[in-house]
Amino acid sequence: MNTLDCINERMSVRSFTNENVEDEKLRILASAALQAPTAMNSRDMMITIVRGDRLEKINKAMEEAIPENMRGNFVDSNGKFDFYRGGNALIVVSFGPRSVLPEQNTGCAMENMYLAATELGLGACWINQFYSFRSDKIDKLLELDDGYRPYAALSVGHIDKKPTRKEKDGKIVFLK
Ligand SMILES: Cc1cc2nc3c(=O)[nH]c(=O)nc-3n(C[C@H](O)[C@H](O)[C@H](O)COP(=O)(O)O)c2cc1C
């Protein structure tokens with residue numbers, strides 16, 4: 001798929017099969033994040049791939065970290081708390097103390113991974129809760145290096161149901 005097709009095809013998928021995503025594909029996505037531009041080439045990015053029991057432990061810790069009156073927003077069709085939208089793996093993007101403009105860098109890393117997932121035929125969805133609802137317990141479960149904090153994660157899996165395409169309009173202005 002060429003880059004422009006990939007950009008136009010990409011969408012957030014929140015319906016996944018139970019099939020595991022191969023390590024090699026997860027590595028490709030993580031490498032795509034590391035190739036993203038960063039302010040002043042400051043990088044200092046740490047990518048953590050979370051699956052299996054650790055994912056369930058983090059899900060539990062996130063349930064505790066999210067205020068009770070907001071937890072309902074993260075419940076799946078079976079009534080289970082699931083902030084990561086049922087993906088098979090979470091790829092967490094963290095930045096360290098030397099990072100310049102880490103929020104913006106996160107956007108670049110995340111879009112790179114979204115596009116790489118599209119190219120590989122995988123489903124993916126941005127998961128923001130590591131940024132909005134932090135806790136020491138979650139940071140410990142992520143085994144981050146000292147001084148690093150999580151900014152976002154991509155939930156990844158094999159696609160069960162493709163969402164319908166959203167119309168993306170917006171203003172484009174040419175000036176002379
Ligand atoms: C900064 C940011 C945060 C987001 N956080 C979440 C999230 O926590 N959970 C979720 O399901 N989707 C999240 N999304 C996905 C958006 O809902 C999605 O990109 C948007 O609805 C447009 O749909 P599309 O990605 O299919 O084009 C986030 C997207 C961005 C860019």
# chains A, B, ... in the order shown; residues from 1 in each chain; ligands from 1

$ closest_atom_pairs --of "chain A" --to "ligand 1" --cutoff "10 Å" --atoms "only C-alpha atoms and all ligand atoms" --output "CSV"
residue,atom,partner,partner_atom_place_in_ligand_line,distance
A:Ile7,CA,ligand 1,27 (O),9.7
A:Asn8,CA,ligand 1,27 (O),9.1
A:Glu9,CA,ligand 1,27 (O),9.0
A:Arg10,CA,ligand 1,27 (O),6.7
A:Met11,CA,ligand 1,26 (O),3.4
A:Ser12,CA,ligand 1,26 (O),3.8
A:Val13,CA,ligand 1,26 (O),6.8
A:Arg14,CA,ligand 1,11 (O),6.8
A:Asn73,CA,ligand 1,9 (N),9.6
A:Phe74,CA,ligand 1,9 (N),8.6
A:Phe83,CA,ligand 1,9 (N),7.4
A:Tyr84,CA,ligand 1,9 (N),7.4
A:Arg85,CA,ligand 1,11 (O),6.4
A:Glu103,CA,ligand 1,1 (C),9.3
A:Gln104,CA,ligand 1,1 (C),10.0
A:Thr106,CA,ligand 1,1 (C),9.0
A:Gly107,CA,ligand 1,1 (C),7.2
A:Met110,CA,ligand 1,31 (C),8.5
A:Glu111,CA,ligand 1,31 (C),8.5
A:Tyr114,CA,ligand 1,25 (O),8.8
A:Ala124,CA,ligand 1,25 (O),8.8
A:Cys125,CA,ligand 1,12 (N),5.7
A:Trp126,CA,ligand 1,14 (N),4.6
A:Ile127,CA,ligand 1,8 (O),3.8
A:Asn128,CA,ligand 1,8 (O),3.8
A:Gln129,CA,ligand 1,8 (O),5.6
A:Phe130,CA,ligand 1,8 (O),8.7
A:Tyr131,CA,ligand 1,8 (O),9.2
A:Ser132,CA,ligand 1,8 (O),8.9
A:Tyr151,CA,ligand 1,1 (C),9.7
A:Ala152,CA,ligand 1,3 (C),7.8
A:Ala153,CA,ligand 1,8 (O),8.6
A:Leu154,CA,ligand 1,6 (C),9.1
A:Ser155,CA,ligand 1,11 (O),8.9
A:Lys162,CA,ligand 1,26 (O),9.9
A:Pro163,CA,ligand 1,26 (O),7.6
A:Thr164,CA,ligand 1,26 (O),8.4
A:Arg165,CA,ligand 1,26 (O),7.0
A:Lys166,CA,ligand 1,27 (O),6.4
A:Glu167,CA,ligand 1,27 (O),8.6
A:Lys168,CA,ligand 1,27 (O),7.7

$ write_last_selection --atoms "N, CA and C atoms" --output "compact mmCIF listing (two decimals), in the first residue's frame"
# COMPACT_ATOMS: atom_id res chain seq x y z
N ILE A 7 -2.80 6.38 4.52
CA ILE A 7 -3.37 7.49 5.30
C ILE A 7 -4.90 7.50 5.15
N ASN A 8 -5.36 7.29 3.91
CA ASN A 8 -6.81 7.34 3.67
C ASN A 8 -7.55 6.11 4.19
N GLU A 9 -6.86 4.98 4.24
CA GLU A 9 -7.46 3.72 4.73
C GLU A 9 -7.54 3.65 6.25
N ARG A 10 -6.61 4.31 6.93
CA ARG A 10 -6.48 4.14 8.38
C ARG A 10 -7.75 4.52 9.14
N MET A 11 -8.15 3.70 10.06
CA MET A 11 -9.23 4.08 10.97
C MET A 11 -9.05 3.35 12.30
N SER A 12 -9.71 3.87 13.31
CA SER A 12 -9.60 3.25 14.63
C SER A 12 -10.52 2.05 14.69
N VAL A 13 -9.94 0.90 15.00
CA VAL A 13 -10.69 -0.36 15.09
C VAL A 13 -10.85 -0.71 16.57
N ARG A 14 -12.08 -1.07 16.95
CA ARG A 14 -12.34 -1.44 18.34
C ARG A 14 -13.01 -2.80 18.46
N ASN A 73 -17.71 4.34 30.97
CA ASN A 73 -17.30 4.63 29.58
C ASN A 73 -16.38 3.57 29.01
N PHE A 74 -15.88 2.68 29.86
CA PHE A 74 -14.87 1.72 29.42
C PHE A 74 -15.32 0.28 29.61
N PHE A 83 -10.47 -0.91 29.25
CA PHE A 83 -10.10 0.41 28.71
C PHE A 83 -9.33 0.28 27.41
N TYR A 84 -8.80 -0.94 27.09
CA TYR A 84 -7.98 -1.09 25.88
C TYR A 84 -8.76 -1.65 24.70
N ARG A 85 -10.10 -1.63 24.82
CA ARG A 85 -11.00 -1.93 23.69
C ARG A 85 -10.82 -3.32 23.11
N GLU A 103 4.31 15.63 24.18
CA GLU A 103 2.93 15.40 23.70
C GLU A 103 2.90 15.38 22.17
N GLN A 104 3.59 16.36 21.58
CA GLN A 104 3.60 16.41 20.10
C GLN A 104 4.34 15.20 19.54
N THR A 106 4.50 12.35 20.78
CA THR A 106 3.60 11.19 20.93
C THR A 106 2.69 11.07 19.71
N GLY A 107 2.15 12.21 19.27
CA GLY A 107 1.25 12.20 18.11
C GLY A 107 1.94 11.61 16.90
N MET A 110 2.51 7.82 17.41
CA MET A 110 1.25 7.08 17.34
C MET A 110 0.74 6.97 15.90
N GLU A 111 0.83 8.06 15.16
CA GLU A 111 0.36 8.01 13.77
C GLU A 111 1.23 7.04 12.95
N TYR A 114 -0.12 3.70 13.77
CA TYR A 114 -1.45 3.52 13.14
C TYR A 114 -1.26 3.15 11.65
N ALA A 124 -6.19 -1.21 14.95
CA ALA A 124 -5.49 -0.45 15.99
C ALA A 124 -6.37 0.68 16.48
N CYS A 125 -6.18 1.03 17.75
CA CYS A 125 -6.94 2.16 18.31
C CYS A 125 -6.09 2.88 19.35
N TRP A 126 -6.09 4.20 19.27
CA TRP A 126 -5.39 5.04 20.25
C TRP A 126 -6.07 4.89 21.61
N ILE A 127 -5.28 4.66 22.64
CA ILE A 127 -5.79 4.54 24.01
C ILE A 127 -5.12 5.64 24.84
N ASN A 128 -5.95 6.55 25.32
CA ASN A 128 -5.44 7.77 25.95
C ASN A 128 -5.30 7.68 27.47
N GLN A 129 -5.85 6.64 28.09
CA GLN A 129 -6.01 6.65 29.54
C GLN A 129 -4.69 6.67 30.32
N PHE A 130 -3.60 6.20 29.72
CA PHE A 130 -2.31 6.28 30.44
C PHE A 130 -1.93 7.73 30.69
N TYR A 131 -2.39 8.60 29.82
CA TYR A 131 -2.09 10.03 29.94
C TYR A 131 -3.02 10.70 30.95
N SER A 132 -4.30 10.36 30.88
CA SER A 132 -5.32 11.05 31.69
C SER A 132 -5.42 10.52 33.11
N TYR A 151 2.53 8.36 27.69
CA TYR A 151 1.73 9.42 27.05
C TYR A 151 0.55 8.87 26.27
N ALA A 152 0.68 7.69 25.72
CA ALA A 152 -0.42 7.10 24.94
C ALA A 152 -0.10 5.63 24.70
N ALA A 153 -1.09 4.93 24.21
CA ALA A 153 -0.86 3.53 23.81
C ALA A 153 -1.70 3.22 22.59
N LEU A 154 -1.21 2.27 21.81
CA LEU A 154 -1.99 1.77 20.68
C LEU A 154 -2.45 0.35 21.02
N SER A 155 -3.75 0.16 21.00
CA SER A 155 -4.30 -1.18 21.17
C SER A 155 -4.31 -1.85 19.79
N LYS A 162 -14.80 -4.39 10.88
CA LYS A 162 -14.27 -3.08 10.45
C LYS A 162 -15.31 -2.01 10.72
N PRO A 163 -14.92 -0.88 11.27
CA PRO A 163 -15.91 0.19 11.47
C PRO A 163 -16.29 0.82 10.13
N THR A 164 -17.41 1.55 10.13
CA THR A 164 -17.72 2.27 8.89
C THR A 164 -16.86 3.53 8.83
N ARG A 165 -16.52 3.87 7.63
CA ARG A 165 -15.60 5.00 7.39
C ARG A 165 -16.24 6.32 7.82
N LYS A 166 -15.49 7.15 8.52
CA LYS A 166 -16.00 8.47 8.92
C LYS A 166 -15.65 9.49 7.85
N GLU A 167 -16.57 10.37 7.58
CA GLU A 167 -16.24 11.47 6.67
C GLU A 167 -15.33 12.43 7.41
N LYS A 168 -14.26 12.85 6.79
CA LYS A 168 -13.30 13.74 7.45
C LYS A 168 -13.26 15.06 6.70

$ select_by_dssp --residues "chain A" --states "alpha helix (DSSP H)" --output "JSON, numbers by chain"
{"A": [3, 4, 5, 6, 7, 8, 9, 23, 24, 25, 26, 27, 28, 29, 30, 31, 32, 33, 34, 52, 53, 54, 55, 56, 57, 58, 59, 60, 61, 62, 63, 64, 65, 102, 103, 104, 105, 106, 107, 108, 109, 110, 111, 112, 113, 114, 115, 116, 117, 118, 119, 120, 129, 130, 131, 132, 136, 137, 138, 139, 140, 141]}

$ atom_distance --atom1 "atom CA of A:Glu56" --atom2 "atom CA of A:Ala30"
20.7 Å

$ residues_around --residues "stretch 88-92 of chain A" --least-positions-apart "2" --cutoff "7 Å" --atoms "only C-alpha atoms" --output "list in words"
Asn18, Asn20, Val21, Ile47, Thr48, Ile49, Val50, Arg51, Gly86, Ser94, Pro150, Ala152, Ala153, Leu154, Ser155, Val156 and Gly157 of chain A

$ select_by_dssp --residues "stretch 20-120 of chain A" --states "strand (DSSP E or B)" --output "JSON, numbers by chain"
{"A": [45, 46, 47, 48, 49, 50, 75, 81, 89, 90, 91, 92, 93, 94, 95]}

$ atom_distance --atom1 "atom CA of A:Ser77" --atom2 "atom CA of A:Lys60"
17.4 Å

$ closest_residue --among "A:Leu144, A:Ile138, A:Ala116, A:Leu34" --to "A:Leu55" --atoms "only C-alpha atoms"
A:Ile138

$ closest_residue --among "A:Ile159, A:Ala36, A:Val173, A:Val100" --to "A:Thr118" --atoms "only C-alpha atoms"
A:Ile159

$ residues_around --residues "stretch 63-67 of chain A" --least-positions-apart "6" --cutoff "8 Å" --atoms "only C-alpha atoms" --output "PyMOL selection string"
chain A and resi 81+83+133-135

$ residues_around --residues "A:Met45" --least-positions-apart "4" --cutoff "9 Å" --atoms "only C-alpha atoms" --output "list in words"
Ala33, Leu34, Val93, Ser94, Phe95, Gly96, Ser99, Pro102, Asn105, Thr106 and Tyr148 of chain A

$ write_last_selection --atoms "N, CA, C and O atoms" --output "PDB file, in the first residue's frame"
ATOM      1  N   ALA A  33       7.269   3.519  15.493  1.00  0.00           N
ATOM      2  CA  ALA A  33       7.159   4.614  16.481  1.00  0.00           C
ATOM      3  C   ALA A  33       8.520   5.275  16.684  1.00  0.00           C
ATOM      4  O   ALA A  33       8.630   6.507  16.703  1.00  0.00           O
ATOM      5  N   LEU A  34       9.562   4.457  16.796  1.00  0.00           N
ATOM      6  CA  LEU A  34      10.908   5.005  17.053  1.00  0.00           C
ATOM      7  C   LEU A  34      11.419   5.847  15.887  1.00  0.00           C
ATOM      8  O   LEU A  34      12.292   6.693  16.065  1.00  0.00           O
ATOM      9  N   VAL A  93       3.585   4.225  24.546  1.00  0.00           N
ATOM     10  CA  VAL A  93       4.620   5.194  24.172  1.00  0.00           C
ATOM     11  C   VAL A  93       4.916   6.062  25.396  1.00  0.00           C
ATOM     12  O   VAL A  93       4.037   6.758  25.904  1.00  0.00           O
ATOM     13  N   SER A  94       6.158   6.009  25.872  1.00  0.00           N
ATOM     14  CA  SER A  94       6.575   6.826  27.019  1.00  0.00           C
ATOM     15  C   SER A  94       7.758   7.693  26.616  1.00  0.00           C
ATOM     16  O   SER A  94       8.512   7.343  25.694  1.00  0.00           O
ATOM     17  N   PHE A  95       7.900   8.810  27.308  1.00  0.00           N
ATOM     18  CA  PHE A  95       9.053   9.683  27.065  1.00  0.00           C
ATOM     19  C   PHE A  95       9.763   9.971  28.371  1.00  0.00           C
ATOM     20  O   PHE A  95       9.143  10.020  29.440  1.00  0.00           O
ATOM     21  N   GLY A  96      11.058  10.197  28.263  1.00  0.00           N
ATOM     22  CA  GLY A  96      11.896  10.464  29.416  1.00  0.00           C
ATOM     23  C   GLY A  96      12.172  11.946  29.587  1.00  0.00           C
ATOM     24  O   GLY A  96      11.681  12.777  28.818  1.00  0.00           O
ATOM     25  N   SER A  99      13.179  14.491  26.736  1.00  0.00           N
ATOM     26  CA  SER A  99      12.298  14.715  25.588  1.00  0.00           C
ATOM     27  C   SER A  99      11.811  16.169  25.549  1.00  0.00           C
ATOM     28  O   SER A  99      11.418  16.722  26.569  1.00  0.00           O
ATOM     29  N   PRO A 102       7.061  16.409  24.437  1.00  0.00           N
ATOM     30  CA  PRO A 102       6.684  14.987  24.363  1.00  0.00           C
ATOM     31  C   PRO A 102       5.263  14.738  23.869  1.00  0.00           C
ATOM     32  O   PRO A 102       5.022  13.722  23.202  1.00  0.00           O
ATOM     33  N   ASN A 105       5.448  14.840  20.165  1.00  0.00           N
ATOM     34  CA  ASN A 105       6.212  13.671  19.701  1.00  0.00           C
ATOM     35  C   ASN A 105       5.337  12.408  19.749  1.00  0.00           C
ATOM     36  O   ASN A 105       5.434  11.531  18.880  1.00  0.00           O
ATOM     37  N   THR A 106       4.503  12.345  20.781  1.00  0.00           N
ATOM     38  CA  THR A 106       3.604  11.189  20.926  1.00  0.00           C
ATOM     39  C   THR A 106       2.689  11.072  19.714  1.00  0.00           C
ATOM     40  O   THR A 106       2.481   9.969  19.180  1.00  0.00           O
ATOM     41  N   TYR A 148      10.673   8.304  33.291  1.00  0.00           N
ATOM     42  CA  TYR A 148       9.827   8.160  32.096  1.00  0.00           C
ATOM     43  C   TYR A 148       8.356   8.168  32.492  1.00  0.00           C
ATOM     44  O   TYR A 148       7.997   7.704  33.571  1.00  0.00           O
TER      45      TYR A 148
END

$ residues_around --residues "A:Met1" --least-positions-apart "4" --cutoff "7 Å" --atoms "only C-alpha atoms" --output "PyMOL selection string"
chain A and resi 5-6+119

$ residues_around --residues "A:Leu141" --least-positions-apart "2" --cutoff "9 Å" --atoms "only C-alpha atoms" --output "list in words"
Arg54, Lys57, Ile58, Ala61, Asp136, Lys137, Ile138, Asp139, Glu143 and Leu144 of chain A

$ write_last_selection --atoms "C-alpha atoms" --output "PDB file, in the first residue's frame"
ATOM      1  CA  ARG A  54       0.268  -8.056  32.451  1.00  0.00           C
ATOM      2  CA  LYS A  57      -3.198  -6.489  35.663  1.00  0.00           C
ATOM      3  CA  ILE A  58      -2.912  -3.070  34.052  1.00  0.00           C
ATOM      4  CA  ALA A  61      -5.073  -0.974  37.972  1.00  0.00           C
ATOM      5  CA  ASP A 136       2.121   4.672  40.690  1.00  0.00           C
ATOM      6  CA  LYS A 137       0.692   1.161  40.406  1.00  0.00           C
ATOM      7  CA  ILE A 138       0.287   1.514  36.632  1.00  0.00           C
ATOM      8  CA  ASP A 139       3.761   3.021  36.222  1.00  0.00           C
ATOM      9  CA  GLU A 143       8.360  -1.208  34.414  1.00  0.00           C
ATOM     10  CA  LEU A 144       9.328   2.188  33.020  1.00  0.00           C
TER      11      LEU A 144
END

$ atom_distance --atom1 "atom CA of A:Gly123" --atom2 "atom CA of A:Ile28"
14.2 Å
